[in-house]
file work.cif (mmCIF, C-alpha atoms)
data_input
#
loop_
_atom_site.label_atom_id
_atom_site.label_comp_id
_atom_site.auth_asym_id
_atom_site.auth_seq_id
_atom_site.Cartn_x
_atom_site.Cartn_y
_atom_site.Cartn_z
CA MET A 5 122.93 235.64 -38.56
CA LYS A 6 122.43 238.38 -41.10
CA CYS A 7 120.28 236.06 -43.24
CA GLU A 8 118.21 234.85 -40.28
CA LYS A 9 115.92 237.87 -40.41
CA TYR A 10 115.17 237.22 -44.11
CA LYS A 11 113.72 233.74 -43.52
CA ASN A 12 110.18 234.97 -43.00
CA LEU A 13 110.51 237.36 -45.94
CA ILE A 14 111.64 234.47 -48.16
CA ILE A 15 108.48 232.61 -47.12
CA ASP A 16 106.36 235.73 -47.78
CA GLU A 17 107.95 236.08 -51.21
CA LEU A 18 107.47 232.39 -51.95
CA TYR A 19 103.72 232.65 -51.42
CA ASP A 20 103.41 236.17 -52.78
CA GLU A 21 102.20 237.59 -49.50
CA ILE A 22 104.98 240.11 -49.15
CA GLU A 23 104.60 243.84 -48.62
CA PRO A 24 106.08 246.00 -51.42
CA ALA A 25 108.60 247.59 -49.07
CA ASP A 26 109.69 244.18 -47.78
CA ARG A 27 109.97 242.87 -51.32
CA LEU A 28 112.39 245.67 -52.19
CA ARG A 29 114.36 244.98 -49.03
CA LEU A 30 114.53 241.24 -49.80
CA ARG A 31 115.53 241.78 -53.40
CA GLU A 32 118.27 244.09 -52.25
CA HIS A 33 119.51 241.37 -49.94
CA LEU A 34 119.23 238.59 -52.54
CA ARG A 35 121.40 240.61 -54.90
CA THR A 36 124.28 240.26 -52.50
CA CYS A 37 123.46 236.89 -50.88
CA PRO A 38 123.78 233.80 -53.09
CA ASP A 39 122.79 231.49 -50.17
CA CYS A 40 119.41 233.12 -49.70
CA THR A 41 118.88 233.25 -53.45
CA GLU A 42 119.56 229.54 -53.67
CA LYS A 43 117.31 228.93 -50.67
CA LEU A 44 114.39 230.73 -52.28
CA ARG A 45 114.93 228.82 -55.50
CA SER A 46 115.11 225.44 -53.79
CA LEU A 47 112.05 226.14 -51.65
CA ARG A 48 110.16 227.12 -54.79
CA ILE A 49 111.12 223.78 -56.34
CA THR A 50 110.06 221.97 -53.16
CA SER A 51 106.72 223.76 -53.28
CA GLN A 52 106.29 222.76 -56.92
CA ILE A 53 107.05 219.13 -56.09
CA LEU A 54 104.55 219.18 -53.22
CA GLN A 55 101.89 220.37 -55.61
CA LYS A 56 102.23 217.06 -57.48
CA TRP A 57 100.02 215.37 -54.92
CA PRO A 58 96.54 215.95 -56.28
CA ASP A 59 93.37 215.98 -54.21
CA THR A 60 91.44 212.75 -54.07
CA GLU A 61 87.76 212.02 -53.54
CA PRO A 62 86.93 210.78 -50.06
CA GLN A 63 85.00 207.72 -51.34
CA ILE A 64 82.72 207.95 -48.36
CA ASN A 65 79.07 208.72 -48.11
CA LEU A 66 78.29 210.91 -45.13
CA THR A 67 74.63 211.74 -44.76
CA PHE A 68 73.10 213.04 -41.58
CA ILE A 69 69.54 211.99 -40.81
CA PRO A 70 67.48 214.08 -38.36
CA GLU A 71 67.40 212.43 -34.98
CA LYS A 72 63.93 211.71 -33.66
CA ARG A 73 63.99 213.08 -30.17
CA PRO A 74 61.48 211.89 -27.62
CA ALA A 75 59.20 214.61 -26.31
CA PHE A 76 60.62 214.29 -22.81
CA SER A 77 64.15 215.02 -23.96
CA ASP A 78 62.86 218.07 -25.85
CA TRP A 79 61.25 219.24 -22.67
CA LEU A 80 64.46 218.65 -20.75
CA LYS A 81 66.42 220.51 -23.41
CA LYS A 82 64.15 223.52 -23.08
CA LEU A 83 64.61 223.51 -19.33
CA HIS A 84 68.21 224.67 -19.55
CA ILE A 85 69.22 222.10 -16.95
CA ARG A 86 72.68 223.55 -16.65
CA LYS A 87 71.35 226.99 -15.76
CA ILE A 88 68.93 225.51 -13.24
CA ALA A 89 71.68 223.41 -11.71
CA TYR A 90 73.95 226.46 -11.43
CA GLY A 91 71.12 228.45 -9.85
CA MET A 92 70.33 225.73 -7.36
CA ALA A 93 73.97 225.25 -6.50
CA THR A 94 74.35 228.99 -5.92
CA ALA A 95 71.22 229.08 -3.76
CA CYS A 96 72.42 226.09 -1.71
CA ALA A 97 75.82 227.67 -1.24
CA GLY A 98 74.17 230.92 -0.14
CA LEU A 99 71.91 229.06 2.28
CA LEU A 100 74.86 227.20 3.77
CA ILE A 101 76.77 230.46 4.21
CA LEU A 102 73.75 232.08 5.89
CA LEU A 103 73.30 229.08 8.18
CA ALA A 104 76.97 229.11 9.05
CA ILE A 105 76.87 232.85 9.83
CA GLY A 106 73.62 232.51 11.78
CA ASN A 107 74.93 229.65 13.89
CA THR A 108 78.35 231.05 14.61
CA ARG A 109 78.84 231.60 18.36
CA PHE A 110 81.42 233.63 20.17
CA SER A 111 81.76 233.38 23.93
CA TYR A 112 84.19 234.60 26.53
CA ARG A 113 84.21 232.66 29.77
CA ASN A 114 86.74 232.67 32.58
CA GLY A 115 89.38 234.22 30.39
CA ASN A 116 88.85 231.76 27.56
CA PHE A 117 87.66 232.86 24.16
CA ASP A 118 85.42 230.34 22.49
CA PHE A 119 84.42 230.36 18.80
CA GLN A 120 82.06 227.82 17.35
CA VAL A 121 80.77 227.49 13.77
CA SER A 122 77.92 225.18 12.97
CA LEU A 123 75.41 224.86 10.15
CA PHE A 124 72.55 224.01 12.49
CA PRO A 125 71.65 225.10 16.04
CA ASN A 126 73.28 222.62 18.40
CA ARG A 127 72.39 223.80 21.91
CA PRO A 128 72.44 220.45 23.74
CA ALA A 129 75.89 219.80 22.40
CA MET A 130 76.96 223.26 23.50
CA GLN A 131 75.60 222.63 26.99
CA ALA A 132 77.37 219.32 27.16
CA GLN A 133 80.54 220.99 26.09
CA SER A 134 80.14 223.74 28.66
CA THR A 135 79.58 221.10 31.41
CA ASN A 136 82.94 219.71 30.63
CA VAL A 137 84.61 222.98 31.54
CA LEU A 138 82.69 223.70 34.81
CA THR A 139 84.77 225.19 37.58
CA LYS A 140 84.22 225.57 41.34
CA ALA A 141 83.29 229.18 40.83
CA ASP A 142 80.65 228.08 38.36
CA LEU A 143 79.22 225.65 40.93
CA GLU A 144 79.15 228.38 43.60
CA GLN A 145 77.42 230.64 41.19
CA PHE A 146 74.90 227.96 40.29
CA LYS A 147 74.25 227.31 44.05
CA LEU A 148 73.65 230.99 44.67
CA GLN A 149 71.38 231.17 41.68
CA ASN A 150 69.54 228.09 42.90
CA ASP A 151 69.09 229.51 46.44
CA SER A 152 67.94 232.78 45.05
CA THR A 153 65.43 231.00 42.83
CA VAL A 154 64.11 228.87 45.74
CA ASN A 155 63.76 231.96 47.99
CA ARG A 156 62.03 233.78 45.25
CA LEU A 157 59.64 230.87 44.78
CA ILE A 158 58.89 230.70 48.56
CA ALA A 159 58.30 234.44 48.71
CA GLU A 160 56.04 234.24 45.71
CA ASN A 161 54.20 231.33 47.31
CA ASN A 162 53.68 233.34 50.57
CA ASP A 163 52.47 236.30 48.64
CA HIS A 164 50.15 234.07 46.74
CA GLU A 165 48.78 232.60 50.01
CA LYS A 166 48.23 236.07 51.47
CA ILE A 167 46.45 237.19 48.39
CA ARG A 168 44.28 234.06 48.49
CA GLN A 169 43.35 234.74 52.16
CA ALA A 170 42.66 238.37 51.48
CA VAL A 171 40.40 237.40 48.62
CA LEU A 172 38.62 234.91 50.91
CA ILE A 173 38.17 237.48 53.67
CA SER A 174 36.97 239.99 51.20
CA THR A 175 34.44 237.52 49.88
CA LEU A 176 33.25 236.66 53.39
CA TYR A 177 33.06 240.33 54.27
CA LYS A 178 30.94 240.98 51.26
CA GLU A 179 28.64 238.07 52.11
CA LEU A 180 28.30 239.27 55.75
CA GLU A 181 27.67 242.80 54.64
CA ALA A 182 24.97 241.60 52.30
CA LYS A 183 23.44 239.58 55.13
CA ARG A 184 23.59 242.52 57.51
CA GLN A 185 21.98 244.79 54.95
CA SER A 186 19.26 242.23 54.49
CA ASP A 187 18.69 241.93 58.27
CA LEU A 188 18.65 245.69 58.68
CA LEU A 189 16.04 245.88 55.97
CA VAL A 190 13.92 243.31 57.75
CA VAL A 191 14.30 245.11 61.08
CA SER A 192 13.55 248.41 59.46
CA ARG A 193 10.41 247.01 57.89
CA ALA A 194 9.37 245.47 61.24
CA LEU A 195 9.92 248.74 63.03
CA GLN A 196 7.86 250.53 60.43
CA GLN A 197 5.08 248.04 60.85
CA VAL A 198 5.29 248.38 64.65
CA HIS A 199 5.28 252.11 64.24
CA TYR A 200 2.23 252.06 61.96
CA GLY A 201 0.46 249.54 64.25
CA THR A 202 1.11 251.57 67.37
CA GLU A 203 -0.07 254.77 65.78
CA GLU A 204 -3.22 253.07 64.53
CA ARG A 205 -3.85 251.66 67.99
CA ILE A 206 -3.37 255.09 69.63
CA ASN A 207 -5.75 256.58 67.15
CA GLN A 208 -8.27 253.85 67.90
CA THR A 209 -7.80 254.39 71.63
CA ASP A 210 -8.24 258.15 71.19
CA ARG A 211 -11.38 257.60 69.20
CA ALA A 212 -12.71 255.16 71.86
CA LEU A 213 -11.93 257.58 74.62
CA GLU A 214 -13.67 260.40 72.76
CA SER A 215 -16.71 258.20 72.27
CA LEU A 216 -16.69 257.23 75.90
CA ILE A 217 -16.40 260.85 77.01
CA GLN A 218 -19.26 261.81 74.81
CA TYR A 219 -21.34 259.01 76.14
CA VAL A 220 -20.59 259.94 79.71
CA ASN A 221 -21.50 263.53 79.02
CA TYR A 222 -24.91 262.55 77.67
CA GLN A 223 -25.65 260.29 80.68
CA THR A 224 -24.74 262.72 83.33
CA PRO A 225 -27.26 265.58 83.83
CA VAL A 226 -25.90 268.89 83.99
CA ASN A 227 -26.29 270.53 87.30
CA PRO A 228 -27.74 273.97 87.26
CA MET B 12 74.25 229.56 -50.86
CA THR B 13 76.81 230.68 -48.32
CA ASP B 14 77.95 228.62 -45.35
CA GLU B 15 76.30 231.14 -43.00
CA LEU B 16 72.91 230.64 -44.66
CA LEU B 17 73.27 226.88 -44.55
CA ILE B 18 74.16 227.05 -40.85
CA GLU B 19 71.14 229.23 -40.19
CA LYS B 20 68.88 226.74 -41.97
CA PHE B 21 70.44 223.84 -40.10
CA LEU B 22 69.88 225.59 -36.77
CA LYS B 23 66.24 226.04 -37.73
CA GLY B 24 65.95 222.27 -38.02
CA GLN B 25 66.84 221.55 -41.66
CA THR B 26 69.29 218.68 -41.47
CA ASP B 27 69.68 218.74 -45.24
CA ALA B 28 71.42 222.10 -44.90
CA PHE B 29 74.08 220.38 -42.82
CA ASN B 30 74.35 217.64 -45.46
CA THR B 31 75.04 220.38 -48.00
CA LEU B 32 77.82 221.67 -45.76
CA VAL B 33 79.19 218.12 -45.54
CA TRP B 34 79.04 217.76 -49.31
CA ARG B 35 80.83 221.11 -49.70
CA TRP B 36 83.55 220.47 -47.13
CA GLU B 37 84.15 216.72 -47.23
CA LYS B 38 86.69 216.80 -50.04
CA PRO B 39 88.96 219.58 -48.73
CA LEU B 40 88.76 218.22 -45.19
CA TYR B 41 89.38 214.66 -46.29
CA ASN B 42 92.49 215.70 -48.22
CA PHE B 43 93.66 217.79 -45.29
CA ILE B 44 93.25 214.84 -42.93
CA LEU B 45 94.72 212.35 -45.40
CA ARG B 46 97.88 214.42 -45.85
CA TYR B 47 98.11 214.94 -42.09
CA LEU B 48 97.74 211.26 -41.17
CA GLY B 49 98.94 209.60 -44.35
CA ASP B 50 96.36 206.84 -44.09
CA SER B 51 93.13 206.82 -46.07
CA ASP B 52 91.21 204.52 -43.69
CA LYS B 53 92.10 206.62 -40.67
CA ALA B 54 91.35 209.75 -42.70
CA LYS B 55 87.81 208.51 -43.38
CA ASP B 56 87.24 207.75 -39.70
CA VAL B 57 88.60 211.13 -38.65
CA LEU B 58 86.56 212.90 -41.32
CA GLN B 59 83.42 211.20 -40.02
CA ASN B 60 84.26 212.15 -36.41
CA THR B 61 84.95 215.71 -37.51
CA PHE B 62 81.51 216.09 -39.04
CA ILE B 63 79.81 214.39 -36.09
CA ARG B 64 81.57 216.79 -33.74
CA ALA B 65 80.60 219.71 -35.98
CA TYR B 66 76.99 218.51 -36.10
CA LYS B 67 76.81 218.47 -32.30
CA SER B 68 78.72 221.69 -31.70
CA LEU B 69 77.41 223.87 -34.50
CA PRO B 70 74.69 225.47 -32.31
CA LYS B 71 77.49 226.75 -30.05
CA LEU B 72 79.32 228.52 -32.90
CA LYS B 73 78.68 232.20 -32.25
CA ASP B 74 80.43 233.81 -35.23
CA ARG B 75 79.12 231.89 -38.24
CA SER B 76 81.52 233.65 -40.60
CA ARG B 77 84.30 231.75 -38.81
CA PHE B 78 82.89 228.38 -39.91
CA ALA B 79 85.86 227.50 -42.15
CA THR B 80 88.37 228.24 -39.39
CA TRP B 81 86.19 226.41 -36.90
CA ILE B 82 85.79 223.22 -38.95
CA TYR B 83 89.52 223.16 -39.71
CA GLN B 84 90.18 223.46 -35.97
CA ILE B 85 87.91 220.49 -35.27
CA ALA B 86 89.60 218.43 -37.99
CA LEU B 87 93.00 219.49 -36.68
CA ASN B 88 92.17 218.40 -33.12
CA GLN B 89 90.80 215.10 -34.35
CA CYS B 90 93.92 214.55 -36.44
CA HIS B 91 96.16 215.44 -33.54
CA ASP B 92 94.40 212.93 -31.25
CA CYS B 93 94.53 210.22 -33.90
CA TRP B 94 98.17 210.96 -34.64
CA LYS B 95 99.11 210.81 -30.98
CA ALA B 96 97.28 207.51 -30.54
CA SER B 97 98.98 206.00 -33.59
CA GLN B 98 102.42 207.25 -32.55
CA SER B 99 102.51 205.40 -29.23
CA GLY B 100 105.23 202.79 -29.70
CA HIS B 101 106.61 204.51 -32.79
CA LEU B 102 109.37 207.05 -33.12
CA ASN B 103 108.50 210.08 -31.03
CA LEU B 104 109.24 213.08 -33.20
CA SER B 105 108.70 215.61 -30.47
CA GLU B 106 111.58 214.15 -28.49
CA LEU B 107 114.00 215.24 -31.16
CA ASP B 108 115.81 218.51 -30.80
CA ASN B 109 113.61 221.26 -32.20
CA ASP B 110 116.43 223.76 -32.34
CA ASP B 111 118.49 221.74 -34.73
CA PRO B 112 116.24 220.89 -37.65
CA ASP B 113 119.08 219.84 -39.92
CA LYS B 114 120.20 217.10 -37.56
CA LYS B 115 116.66 215.96 -37.04
CA TYR B 116 115.94 215.50 -40.72
CA GLU B 117 119.21 213.70 -41.26
CA ARG B 118 118.06 211.16 -38.68
CA LEU B 119 114.55 211.03 -40.01
CA THR B 120 115.49 210.66 -43.65
CA LEU B 121 117.89 207.85 -42.76
CA ILE B 122 114.94 205.87 -41.45
CA ASP B 123 113.11 205.90 -44.74
CA SER B 124 115.81 206.62 -47.29
CA ALA B 125 115.98 202.98 -48.34
CA HIS B 126 112.46 203.26 -49.76
CA GLY B 127 113.22 206.17 -52.14
CA PRO B 128 112.10 206.11 -55.76
CA GLU B 129 115.50 205.03 -57.05
CA LYS B 130 115.32 201.86 -54.98
CA SER B 131 111.90 200.96 -56.27
CA ALA B 132 112.06 201.68 -59.93
CA HIS B 133 108.63 200.34 -60.73
CA ASN B 134 106.82 202.54 -58.27
CA ASN B 135 106.17 205.76 -60.08
CA ASP B 136 103.52 207.09 -57.76
CA LEU B 137 104.91 210.45 -56.72
CA ALA B 138 101.96 211.11 -54.45
CA GLU B 139 102.91 208.08 -52.38
CA TYR B 140 106.43 209.46 -51.91
CA LEU B 141 105.08 212.85 -50.98
CA ARG B 142 102.81 211.20 -48.44
CA ARG B 143 105.74 209.31 -47.01
CA ALA B 144 107.94 212.42 -46.96
CA LEU B 145 105.30 214.44 -45.13
CA MET B 146 105.09 211.74 -42.48
CA LEU B 147 108.78 212.24 -41.75
CA ILE B 148 108.58 215.85 -40.65
CA PRO B 149 107.19 217.07 -37.33
CA GLU B 150 103.43 217.33 -37.01
CA GLU B 151 103.45 221.10 -36.42
CA GLN B 152 105.44 221.77 -39.60
CA ARG B 153 103.46 219.28 -41.65
CA VAL B 154 100.16 220.92 -40.81
CA VAL B 155 101.41 224.34 -41.88
CA ILE B 156 102.73 222.95 -45.17
CA ILE B 157 99.41 221.20 -45.86
CA MET B 158 97.38 224.33 -45.11
CA LYS B 159 99.59 226.53 -47.28
CA GLU B 160 100.49 224.23 -50.17
CA TYR B 161 97.29 222.27 -50.60
CA HIS B 162 94.59 224.54 -49.22
CA GLY B 163 96.08 227.89 -50.14
CA LEU B 164 95.19 229.45 -46.81
CA LYS B 165 96.57 232.89 -46.02
CA PHE B 166 99.05 233.21 -43.16
CA THR B 167 96.44 235.08 -41.13
CA GLU B 168 93.97 232.22 -41.63
CA ILE B 169 96.53 229.64 -40.54
CA GLU B 170 97.33 231.83 -37.54
CA ALA B 171 93.63 231.84 -36.60
CA ILE B 172 93.25 228.08 -36.97
CA LEU B 173 96.43 227.14 -35.12
CA GLN B 174 96.21 230.03 -32.68
CA VAL B 175 99.93 230.71 -32.82
CA PRO B 176 101.70 233.96 -33.82
CA ILE B 177 102.04 234.56 -37.55
CA ASN B 178 105.84 234.57 -37.34
CA THR B 179 105.71 231.11 -35.77
CA VAL B 180 103.57 229.97 -38.71
CA LYS B 181 106.15 231.31 -41.18
CA SER B 182 109.02 229.86 -39.23
CA ARG B 183 107.42 226.42 -39.13
CA LEU B 184 106.77 226.65 -42.85
CA TYR B 185 110.35 227.63 -43.54
CA TYR B 186 111.81 224.74 -41.56
CA GLY B 187 109.17 222.32 -42.80
CA LEU B 188 109.89 223.14 -46.44
CA SER B 189 113.63 222.97 -45.79
CA ALA B 190 113.17 219.50 -44.33
CA MET B 191 111.05 218.43 -47.28
CA GLN B 192 113.69 219.82 -49.63
CA LYS B 193 116.35 217.67 -47.95
CA ILE B 194 114.19 214.58 -48.15
CA PHE B 195 113.41 215.21 -51.82
CA LYS B 196 117.08 215.70 -52.55
CA GLN B 197 117.98 212.50 -50.74
CA TRP B 198 115.30 210.58 -52.60
CA GLY B 199 116.16 212.21 -55.91
CA LEU B 200 112.74 213.79 -56.19
CA ASP B 201 114.20 217.18 -57.01
CA ARG B 202 115.54 215.98 -60.33
CA GLU B 203 114.36 218.01 -63.28
CA ASP B 204 112.82 215.04 -65.07
CA LEU B 205 110.81 214.01 -61.99
CA ARG B 206 109.63 217.54 -61.33
CA TYR B 207 107.75 217.64 -64.59
CA GLU B 208 106.47 214.07 -64.41
CA VAL B 209 103.08 212.89 -63.27
#
call {"tool": "encode", "arguments": {"input": "work.cif", "output": "structure tokens"}}
result
Amino acid sequence: MKCEKYKNLIIDELYDEIEPADRLRLREHLRTCPDCTEKLRSLRITSQILQKWPDTEPQINLTFIPEKRPAFSDWLKKLHIRKIAYGMATACAGLLILLAIGNTRFSYRNGNFDFQVSLFPNRPAMQAQSTNVLTKADLEQFKLQNDSTVNRLIAENNDHEKIRQAVLISTLYKELEAKRQSDLLVVSRALQQVHYGTEERINQTDRALESLIQYVNYQTPVNP
Amino acid sequence: MTDELLIEKFLKGQTDAFNTLVWRWEKPLYNFILRYLGDSDKAKDVLQNTFIRAYKSLPKLKDRSRFATWIYQIALNQCHDCWKASQSGHLNLSELDNDDPDKKYERLTLIDSAHGPEKSAHNNDLAEYLRRALMLIPEEQRVVIIMKEYHGLKFTEIEAILQVPINTVKSRLYYGLSAMQKIFKQWGLDREDLRYEV
């Protein structure tokens, strides 16, 4: 066990890659350890024997010729397809996450908590699913809502009818008013004409009477 | 011209700059691969694949001063794949007990001890025996021995290529050399006369 720690130092010494301090330590050990001394000697011989295998020529002619790349492949190479693919994959993943978040639905109905994740809006399916869990209370509620809607529609219809009649009356009133105004104008004009005619006639009568009086005065002698 | 300059020229479209790198590195890499795999045909294939991989991946190399480490790493990976493929159906070295190297090499050397130099007197090719001996030790020890003995890499460089702690590198080298020593002894390669032959 004592010699175990000198194995690496023996290797360092064998290849002359030993630190000066380690060399001193090893030499100190070798002085008292014939086994390690013999080991170093035998490994040195082994190394010398191994060196007897000389290098040989490969006897092979390896020459690389430039590959003629088609223009399209050059273009593809410049595109950095891997980067584009990573970018697209990231964008798709982001889009899917956004869709999933956007179409996630939480609902709480009749004491039941419902959670639904979908990539795309799926309202008809949701309605169909909700029909499956209809209760009597839901039906009552729907009936009330239905009645309320019908009543509201009737009331709106009545209001609409009243408004229509009011508009009609108003229109008729306006027409009658216009007619009345027109008639009054006619009457007024007629009265004016009558008035002017009568006045003219009185004036004529007055003038005739004056003429007659004058005539009578000339015919009748004056009594002394 | 430095490797960095050649890489810069290659990245600007000069393929000849890469061919210069190939010319510069083919011999050391070929010998590295050959010693790793022990088969010259496979070594040529792996060498070719290494340079093809380097040709395609060189634009991605950020620190050009690390080219040597980087190309060794490519060669190492290619060797490892080739070695794994060729080992299917053969003796699986990794199944042997890593904590008991002595036992392992006893078993391993027994497999090939019949083909030692003494049994084949006419075969004087020491390199062939060294190739065969290297094939008998675990891959991880073999690669460290090759890098240190034949390529003279520093421990820190081996650490960077293998991406293991420096003490692990030294430990693998220690056990690898010990295993080689045993094989040499068994084959009689450590004899004085043989040591100075060839």
call {"tool": "residues_around", "arguments": {"input": "work.cif", "residues": "Thr108 of chain A", "least_positions_apart": "5", "cutoff": "7 Å", "atoms": "only C-alpha atoms", "output": "list in words"}}
result
Gln120, Val121 and Ser122 of chain A
call {"tool": "write_last_selection", "arguments": {"input": "work.cif", "atoms": "C-alpha atoms", "output": "compact mmCIF listing (two decimals), keeping the file's coordinate frame"}}
result
# COMPACT_ATOMS: atom_id res chain seq x y z
CA GLN A 120 82.06 227.82 17.35
CA VAL A 121 80.77 227.49 13.77
CA SER A 122 77.92 225.18 12.97
call {"tool": "atom_distance", "arguments": {"input": "work.cif", "atom1": "atom CA of Arg109 of chain A", "atom2": "atom CA of Phe124 of chain A"}}
result
11.5 Å
call {"tool": "atom_distance", "arguments": {"input": "work.cif", "atom1": "atom CA of Lys95 of chain B", "atom2": "atom CA of Ile82 of chain B"}}
result
19.9 Å
call {"tool": "resolve_selection", "arguments": {"input": "work.cif", "expression": "the PyMOL selection byres ((chain B) within 7 of (chain A))", "output": "number ranges by chain"}}
result
B: 26, 30, 38, 41-42, 138, 141, 160, 181-182, 185, 188-189, 191-192, 206
call {"tool": "atom_distance", "arguments": {"input": "work.cif", "atom1": "atom CA of Leu100 of chain A", "atom2": "atom CA of Pro125 of chain A"}}
result
12.9 Å
call {"tool": "residues_around", "arguments": {"input": "work.cif", "residues": "Ser76 of chain B", "least_positions_apart": "5", "cutoff": "12 Å", "atoms": "all atoms listed in the file", "output": "compact mmCIF listing (two decimals) with C-alpha atoms, in the frame of the given file"}}
result
# COMPACT_ATOMS: atom_id res chain seq x y z
CA THR B 13 76.81 230.68 -48.32
CA ASP B 14 77.95 228.62 -45.35
CA GLU B 15 76.30 231.14 -43.00
CA LEU B 16 72.91 230.64 -44.66
CA LEU B 17 73.27 226.88 -44.55
CA ILE B 18 74.16 227.05 -40.85
CA GLU B 19 71.14 229.23 -40.19
CA TRP B 81 86.19 226.41 -36.90
CA ILE B 82 85.79 223.22 -38.95
call {"tool": "residues_around", "arguments": {"input": "work.cif", "residues": "segment 50-62 of chain B", "least_positions_apart": "6", "cutoff": "7 Å", "atoms": "all atoms listed in the file", "output": "list in words"}}
result
Leu40, Tyr41, Ile44, Ile85, Ala86, Gln89 and Cys90 of chain B
call {"tool": "write_last_selection", "arguments": {"input": "work.cif", "atoms": "C-alpha atoms", "output": "JSON list (two decimals), keeping the file's coordinate frame"}}
result
[["chain", "number", "residue", "atom", "x", "y", "z"],
["B", 40, "LEU", "CA", 88.76, 218.22, -45.19],
["B", 41, "TYR", "CA", 89.38, 214.66, -46.29],
["B", 44, "ILE", "CA", 93.25, 214.84, -42.93],
["B", 85, "ILE", "CA", 87.91, 220.49, -35.27],
["B", 86, "ALA", "CA", 89.60, 218.43, -37.99],
["B", 89, "GLN", "CA", 90.80, 215.10, -34.35],
["B", 90, "CYS", "CA", 93.92, 214.55, -36.44]]
call {"tool": "resolve_selection", "arguments": {"input": "work.cif", "expression": "the PyMOL selection byres ((chain B and resi 94) around 12)", "output": "ChimeraX atom specification"}}
result
/B:44-50,53-54,57,86-93,95-104,146,149-151,154
